[in-house]
>>> print(open('target38.txt').read())   # compact mmCIF, C-alpha atoms and all ligand atoms
# COMPACT_ATOMS: atom_id res chain seq x y z
CA MET A 2 3.62 -32.27 7.05
CA GLN A 3 0.25 -32.16 8.83
CA ILE A 4 -1.03 -34.98 6.59
CA TRP A 5 2.00 -37.12 7.47
CA ASN A 6 1.59 -36.46 11.21
CA ASN A 7 -2.11 -37.28 11.04
CA LEU A 8 -1.49 -40.53 9.17
CA VAL A 9 1.19 -41.60 11.67
CA ALA A 10 -1.09 -40.69 14.60
CA LYS A 11 -3.95 -42.66 13.01
CA LYS A 12 -1.79 -45.76 12.56
CA GLU A 13 -0.43 -45.52 16.13
CA LYS A 14 -3.99 -45.19 17.50
CA GLU A 15 -5.01 -48.25 15.49
CA LEU A 16 -2.03 -50.25 16.84
CA LYS A 17 -2.82 -49.18 20.42
CA GLU A 18 -6.47 -50.19 20.08
CA ASN A 19 -5.32 -53.57 18.81
CA GLY A 20 -2.94 -54.14 21.73
CA LEU A 21 0.19 -53.76 19.59
CA ASN A 22 1.87 -51.20 21.84
CA GLU A 23 5.28 -52.71 21.13
CA PHE A 24 5.29 -50.95 17.73
CA ILE A 25 4.64 -47.49 19.17
CA PRO A 26 6.14 -45.00 18.47
CA LEU A 27 6.38 -45.92 14.80
CA LYS A 28 9.46 -43.76 14.35
CA ARG A 29 11.37 -46.28 16.49
CA SER A 30 9.86 -49.50 15.17
CA VAL A 31 9.73 -48.78 11.42
CA PRO A 32 13.06 -49.23 9.62
CA TYR A 33 14.16 -46.12 7.66
CA PHE A 34 11.25 -44.12 9.12
CA ALA A 35 12.91 -40.75 8.43
CA ILE A 36 13.63 -41.69 4.80
CA LYS A 37 10.07 -42.89 4.26
CA LYS A 38 8.78 -39.65 5.75
CA LEU A 39 10.89 -37.53 3.40
CA GLN A 40 9.90 -39.63 0.37
CA THR A 41 6.21 -39.33 1.21
CA LEU A 42 6.34 -35.60 1.88
CA LYS A 43 8.27 -35.02 -1.33
CA TYR A 44 5.73 -37.02 -3.25
CA LEU A 45 2.71 -35.35 -1.68
CA TYR A 46 4.25 -31.96 -2.42
CA LYS A 47 4.86 -32.91 -6.07
CA SER A 48 1.41 -34.41 -6.47
CA THR A 49 -0.52 -31.55 -4.96
CA ASN A 50 1.48 -28.84 -6.71
CA SER A 51 2.44 -30.04 -10.15
CA GLY A 52 1.03 -33.54 -10.70
CA LYS A 53 -1.31 -33.92 -13.64
CA SER A 54 -4.05 -35.31 -11.48
CA PHE A 55 -3.96 -32.38 -9.08
CA SER A 56 -3.38 -29.53 -11.46
CA ASN A 57 -6.58 -27.77 -10.41
CA LYS A 58 -6.56 -25.08 -7.74
CA ILE A 59 -7.23 -26.43 -4.25
CA ASN A 60 -9.41 -24.28 -1.99
CA ARG A 61 -9.51 -26.64 0.95
CA SER A 62 -7.90 -29.92 1.91
CA LEU A 63 -9.10 -32.19 4.71
CA SER A 64 -6.89 -34.95 5.98
CA GLU A 65 -7.87 -37.86 8.17
CA LYS A 66 -11.38 -36.55 8.56
CA TRP A 67 -14.16 -38.70 10.00
CA PHE A 68 -17.27 -38.95 7.80
CA GLU A 69 -20.37 -40.85 8.86
CA SER A 70 -23.89 -41.44 7.57
CA THR A 71 -26.78 -39.62 9.24
CA ASP A 72 -27.98 -42.88 10.83
CA LYS A 73 -24.35 -43.51 11.99
CA LYS A 74 -24.36 -47.00 10.46
CA ILE A 75 -21.51 -46.33 8.04
CA GLY A 76 -18.43 -44.25 8.83
CA GLY A 77 -14.74 -43.94 8.12
CA TYR A 78 -11.68 -41.72 8.24
CA ILE A 79 -10.95 -40.39 4.76
CA ASP A 80 -7.21 -39.92 4.24
CA LEU A 81 -7.45 -36.86 2.03
CA VAL A 82 -10.21 -34.72 0.53
CA LEU A 83 -9.16 -32.00 -1.92
CA GLU A 84 -11.79 -29.42 -2.73
CA GLY A 85 -11.19 -27.05 -5.61
CA GLU A 86 -12.36 -26.84 -9.20
CA LYS A 87 -12.86 -30.53 -8.71
CA ILE A 88 -13.49 -32.52 -5.55
CA LYS A 89 -11.12 -35.46 -5.11
CA ILE A 90 -11.01 -38.17 -2.49
CA VAL A 91 -7.67 -39.88 -1.98
CA ASP A 92 -6.84 -43.01 0.01
CA PHE A 93 -3.24 -44.07 0.71
CA LYS A 94 -2.42 -47.77 0.82
CA THR A 95 0.70 -49.34 2.26
CA GLY A 96 0.19 -52.82 0.75
CA GLU A 97 -0.58 -54.37 -2.62
CA VAL A 98 -3.43 -52.56 -4.37
CA TYR A 99 -3.92 -54.99 -7.25
CA ALA A 100 -6.16 -58.04 -7.05
CA ASP A 101 -4.41 -59.21 -10.20
CA ARG A 102 -1.08 -57.69 -11.23
CA GLU A 103 -1.33 -58.72 -14.88
CA SER A 104 -4.65 -57.08 -15.57
CA LYS A 105 -3.85 -54.29 -13.07
CA ARG A 106 -7.26 -54.71 -11.55
CA VAL A 107 -7.49 -52.91 -8.22
CA LYS A 108 -8.71 -55.02 -5.29
CA PRO A 109 -12.53 -54.89 -5.28
CA GLU A 110 -12.61 -54.17 -1.53
CA TYR A 111 -10.57 -50.98 -2.12
CA GLU A 112 -12.96 -49.91 -4.89
CA ILE A 113 -15.91 -50.49 -2.58
CA GLN A 114 -14.19 -48.56 0.22
CA LEU A 115 -13.66 -45.51 -1.98
CA LYS A 116 -17.18 -45.64 -3.42
CA LEU A 117 -18.56 -45.73 0.12
CA TYR A 118 -16.38 -42.71 0.94
CA ALA A 119 -17.92 -40.95 -2.06
CA TRP A 120 -21.37 -41.73 -0.69
CA LEU A 121 -20.40 -40.54 2.82
CA TYR A 122 -19.10 -37.32 1.32
CA PHE A 123 -22.44 -36.92 -0.45
CA GLU A 124 -24.36 -37.57 2.81
CA LYS A 125 -22.40 -34.82 4.52
CA THR A 126 -22.17 -32.20 1.78
CA GLY A 127 -24.98 -32.98 -0.67
CA ASN A 128 -22.44 -33.38 -3.50
CA TYR A 129 -20.56 -36.36 -4.86
CA PRO A 130 -16.79 -35.96 -5.40
CA ASP A 131 -15.60 -35.75 -9.02
CA GLU A 132 -12.76 -38.22 -8.68
CA LEU A 133 -11.65 -41.08 -6.46
CA TRP A 134 -7.97 -42.02 -6.16
CA LEU A 135 -5.93 -44.79 -4.56
CA VAL A 136 -2.22 -44.14 -3.98
CA ASP A 137 0.20 -46.98 -3.34
CA LEU A 138 3.65 -46.98 -1.77
CA LYS A 139 5.29 -47.03 -5.21
CA GLN A 140 3.68 -43.63 -5.65
CA GLN A 141 1.32 -44.83 -8.35
CA TRP A 142 -2.09 -43.19 -8.52
CA HIS A 143 -5.05 -45.36 -9.46
CA SER A 144 -8.26 -43.71 -10.55
CA ILE A 145 -11.45 -45.44 -9.39
CA PRO A 146 -14.32 -44.76 -11.78
CA PHE A 147 -17.77 -44.57 -10.20
CA ILE A 148 -21.33 -43.44 -10.67
CA PRO A 149 -23.45 -42.08 -7.79
CA GLU A 150 -26.16 -44.77 -8.17
CA GLU A 151 -23.54 -47.46 -7.63
CA CYS A 152 -22.24 -45.76 -4.46
CA GLU A 153 -25.76 -45.46 -3.09
CA SER A 154 -26.56 -49.08 -3.80
CA LEU A 155 -23.31 -50.16 -2.05
CA ALA A 156 -24.26 -48.11 1.00
CA ASN A 157 -27.73 -49.72 1.07
CA GLU A 158 -26.18 -53.17 0.74
CA ALA A 159 -23.72 -52.42 3.59
CA LYS A 160 -26.60 -51.36 5.85
CA ARG A 161 -28.62 -54.43 4.91
CA ARG A 162 -25.67 -56.67 5.81
CA LEU A 163 -25.11 -54.84 9.08
CA ASN A 164 -28.76 -55.44 10.02
CA ASP A 165 -28.44 -59.15 9.10
CA ILE A 166 -25.31 -59.49 11.25
CA SER A 167 -26.93 -57.73 14.23
CA LEU A 168 -29.93 -60.04 13.94
CA LYS A 169 -27.78 -63.19 13.83
CA VAL A 170 -25.76 -62.03 16.85
CA LYS A 171 -29.01 -61.30 18.73
CA GLU A 172 -30.33 -64.75 17.85
CA ASN A 173 -27.10 -66.36 19.04
CA GLN A 174 -26.24 -67.55 15.52
CA SER A 175 -22.94 -65.69 15.14
CA GLY A 176 -21.19 -68.96 14.20
CA THR A 177 -22.97 -68.96 10.83
CA LEU A 178 -21.21 -65.67 9.98
CA ALA A 179 -17.63 -66.99 10.23
CA LEU A 180 -15.92 -67.45 6.85
CA PRO A 181 -12.30 -68.11 7.79
CA ASN A 182 -9.65 -67.71 5.09
CA PHE A 183 -5.98 -66.80 5.31
CA GLU A 184 -6.27 -63.39 3.76
CA THR A 185 -8.98 -62.21 6.11
CA CYS A 186 -7.84 -64.00 9.23
CA GLN A 187 -4.13 -63.19 9.14
CA ASN A 188 -4.64 -59.66 10.46
CA CYS A 189 -7.67 -60.35 12.63
CA ASN A 190 -7.28 -59.48 16.29
CA PHE A 191 -9.97 -61.91 17.37
CA LYS A 192 -7.91 -64.96 16.38
CA PRO A 193 -7.09 -65.93 20.00
CA ALA A 194 -10.80 -66.15 20.80
CA CYS A 195 -11.96 -67.57 17.46
CA LYS A 196 -12.51 -71.33 17.19
CA PHE A 197 -13.20 -71.06 13.44
CA TYR A 198 -9.70 -69.76 12.72
CA TRP A 199 -8.15 -73.11 13.62
CA THR A 200 -10.31 -74.92 11.07
CA LEU A 201 -8.02 -73.52 8.34
CA GLU A 202 -5.46 -75.94 6.90
CA SER A 203 -1.93 -74.87 7.86
CA ASN A 204 -0.35 -72.73 5.17
CA ASP A 205 3.14 -74.09 4.53
CA LYS A 206 4.11 -71.30 2.17
CA ASN A 207 3.71 -68.68 4.84
CA HIS A 208 6.88 -67.78 6.74
CA PHE A 209 4.88 -66.36 9.61
CA LEU A 210 2.51 -68.58 11.45
CA ASP A 211 0.41 -69.33 14.48
CA LEU A 212 0.56 -72.59 16.35
CA LYS A 213 -1.81 -74.41 18.70
CA GLY A 214 -0.97 -77.49 20.71
CA SER A 215 -0.02 -78.98 24.03
CA LEU A 216 3.06 -77.55 25.75
CA LYS A 217 5.16 -80.65 26.34
CA ALA A 218 8.45 -79.24 27.62
CA VAL A 219 10.16 -76.00 28.59
CA GLU A 220 13.90 -75.49 28.74
CA GLU A 221 15.56 -72.45 30.25
CA PHE A 222 18.89 -70.96 29.18
CA GLN A 223 21.30 -68.76 31.14
CA SER A 224 20.24 -65.76 29.08
CA GLY A 225 16.69 -66.23 30.44
CA SER A 226 15.28 -67.23 27.06
CA LEU A 227 13.27 -70.45 26.75
CA ASN A 228 12.87 -73.25 24.27
CA LEU A 229 9.37 -74.67 24.05
CA GLU A 230 8.18 -78.00 22.73
CA ILE A 231 4.64 -78.01 21.38
CA GLU A 232 2.81 -81.10 20.24
CA ASN A 233 -0.27 -81.18 18.01
CA GLU A 234 -1.80 -83.43 15.35
CA ASP A 235 0.95 -82.40 12.88
CA GLY A 236 3.75 -83.54 15.20
CA ILE A 237 6.28 -81.87 17.48
CA HIS A 238 7.28 -78.21 17.00
CA TYR A 239 10.09 -76.31 18.69
CA ILE A 240 10.06 -72.64 19.52
CA VAL A 241 13.45 -71.18 20.28
CA ASN A 242 14.48 -67.99 22.02
CA PHE A 243 11.08 -67.41 23.64
CA LYS A 244 11.26 -64.47 26.08
CA GLN A 245 7.72 -63.24 26.58
CA ILE A 246 6.97 -65.31 29.73
CA ASP A 247 9.34 -66.35 32.54
CA PHE A 248 10.37 -69.96 33.16
CA GLU A 249 8.36 -70.53 36.36
CA SER A 250 5.10 -69.25 34.85
CA MET A 251 5.70 -71.26 31.71
CA LYS A 252 6.25 -74.48 33.67
CA LEU A 253 2.75 -74.06 35.13
CA LEU A 254 1.39 -74.33 31.60
CA GLN A 255 3.03 -77.66 30.93
CA ASN A 256 0.65 -80.21 29.37
CA GLN A 257 -1.93 -77.52 28.80
CA GLU A 258 -3.12 -76.30 25.43
CA VAL A 259 -1.49 -73.07 24.32
CA GLN A 260 -1.88 -70.85 21.27
CA ILE A 261 1.11 -68.90 20.01
CA PHE A 262 0.65 -66.19 17.40
CA ASN A 263 3.14 -64.54 15.04
CA LEU A 264 6.01 -67.01 14.93
CA LEU A 265 8.68 -67.05 12.28
CA ARG A 266 9.78 -70.23 10.52
CA THR A 267 13.48 -71.03 10.62
CA LYS A 268 15.32 -72.98 7.94
CA LYS A 269 15.08 -76.06 10.15
CA GLU A 270 11.89 -78.07 9.69
CA GLY A 271 9.57 -77.76 12.70
CA VAL A 272 11.64 -75.06 14.41
CA PHE A 273 10.30 -71.55 14.90
CA THR A 274 11.57 -68.39 16.43
CA ILE A 275 9.80 -65.38 17.86
CA LEU A 276 9.10 -61.87 16.65
CA LYS A 277 8.52 -58.64 18.53
CA ASN A 278 4.77 -59.21 18.38
CA THR A 279 4.74 -62.94 19.22
CA LYS A 280 2.06 -63.62 21.82
CA LEU A 281 1.13 -66.73 23.80
CA TYR A 282 -2.35 -67.47 25.12
CA ALA A 283 -3.23 -70.38 27.39
S1 LIG A 301 -10.06 -65.21 12.88
FE1 LIG A 301 -12.22 -65.71 13.20
S2 LIG A 301 -13.19 -63.74 13.61
FE2 LIG A 301 -11.23 -63.31 12.67
S3 LIG A 301 -11.64 -63.13 10.47
FE3 LIG A 301 -11.05 -65.26 10.85
S4 LIG A 301 -12.97 -66.35 11.18
FE4 LIG A 301 -13.42 -64.16 11.41
>>> encode(input="target38.txt", output="structure tokens")
Amino acid sequence: MQIWNNLVAKKEKELKENGLNEFIPLKRSVPYFAIKKLQTLKYLYKSTNSGKSFSNKINRSLSEKWFESTDKKIGGYIDLVLEGEKIKIVDFKTGEVYADRESKRVKPEYEIQLKLYAWLYFEKTGNYPDELWLVDLKQQWHSIPFIPEECESLANEAKRRLNDISLKVKENQSGTLALPNFETCQNCNFKPACKFYWTLESNDKNHFLDLKGSLKAVEEFQSGSLNLEIENEDGIHYIVNFKQIDFESMKLLQNQEVQIFNLLRTKKEGVFTILKNTKLYA
């Protein structure tokens, strides 16, 4: 139960830091929260008590514990550390864990994350863990093989990159660091301030999207909701049922460039509706 509470608290803290207060508390915003909680607790209980991978005796378990390198350049919250006959590090993932479903290859960034955790654990305790595990929402456990030398070389590479980035920022060359792509950018909180993001071609397959353009017209309805007309190089776009800003304030933005994030496509071409986390920036 403590693990569950810690994970929920961690996620809520993350949302708050990213300005997504509308999703807090998660128990109100996540559909079937209580069912998910029971499923997870049941699974954790089964895994830590009778699962093949956790059959060894556990002397100590640490959940959501912060580990950092002695020079404080690398750090992270490790979801679960189980110390017993064997030392195991476990990371829970809520999204897809495979880079390629057919070959069942785990995403390389998750492998790197866990290997860096192994190195952080070594920095703190002087010992490497015996096993690294990724757990997905389908309750599948994925073992991540590793050797200590590899973990150490990843940590050195991470520090080298961090130094490079700091140098480029100091030299006012941060623009050379931007590598926009949909996968990375879609969850980035710096999108509203990032000019590189808009260099991406629009992704028609995505149901969710962000839009930038000139606000051409605003229409108010009795309910207080607004319809917006946005024009950009791709044509005219309509946003229906917009409620985040009142009519008078919106009229002041007419003919100005606006950016709207987290819209939902409707079945009608060029017409979008809003979500709970839709945000407009002028
Ligand atoms: S939106 Fe900008 S800052 Fe964020 S990941 Fe993309 S390129 Fe980087």
>>> residues_near_ligand(input="target38.txt", ligand="ligand LIG 301 (chain A)", cutoff="6 Å", atoms="all atoms listed in the file", output="list in words")
Ala179, Leu180, Pro181, Thr185, Cys186, Cys189, Phe191, Lys192, Cys195, Phe197 and Tyr198 of chain A
>>> closest_residue(input="target38.txt", among="A:Thr279, A:Thr200, A:Gln223, A:Asn157", to="Phe248 in chain A", atoms="all atoms listed in the file")
A:Gln223
>>> closest_atom_pairs(input="target38.txt", of="range 155-267 of chain A", to="range 102-121 of chain A", cutoff="10 Å", atoms="only C-alpha atoms", output="Markdown table")
| residue | atom | partner | partner_atom | distance |
| --- | --- | --- | --- | --- |
| A:Leu155 | CA | A:Leu117 | CA | 6.8 |
| A:Ala156 | CA | A:Leu117 | CA | 6.2 |
| A:Ala159 | CA | A:Leu117 | CA | 9.1 |
>>> atom_distance(input="target38.txt", atom1="CA of Gln187 in chain A", atom2="CA of Glu220 in chain A")
29.3 Å
>>> atom_distance(input="target38.txt", atom1="CA of Glu258 in chain A", atom2="CA of Leu281 in chain A")
10.6 Å
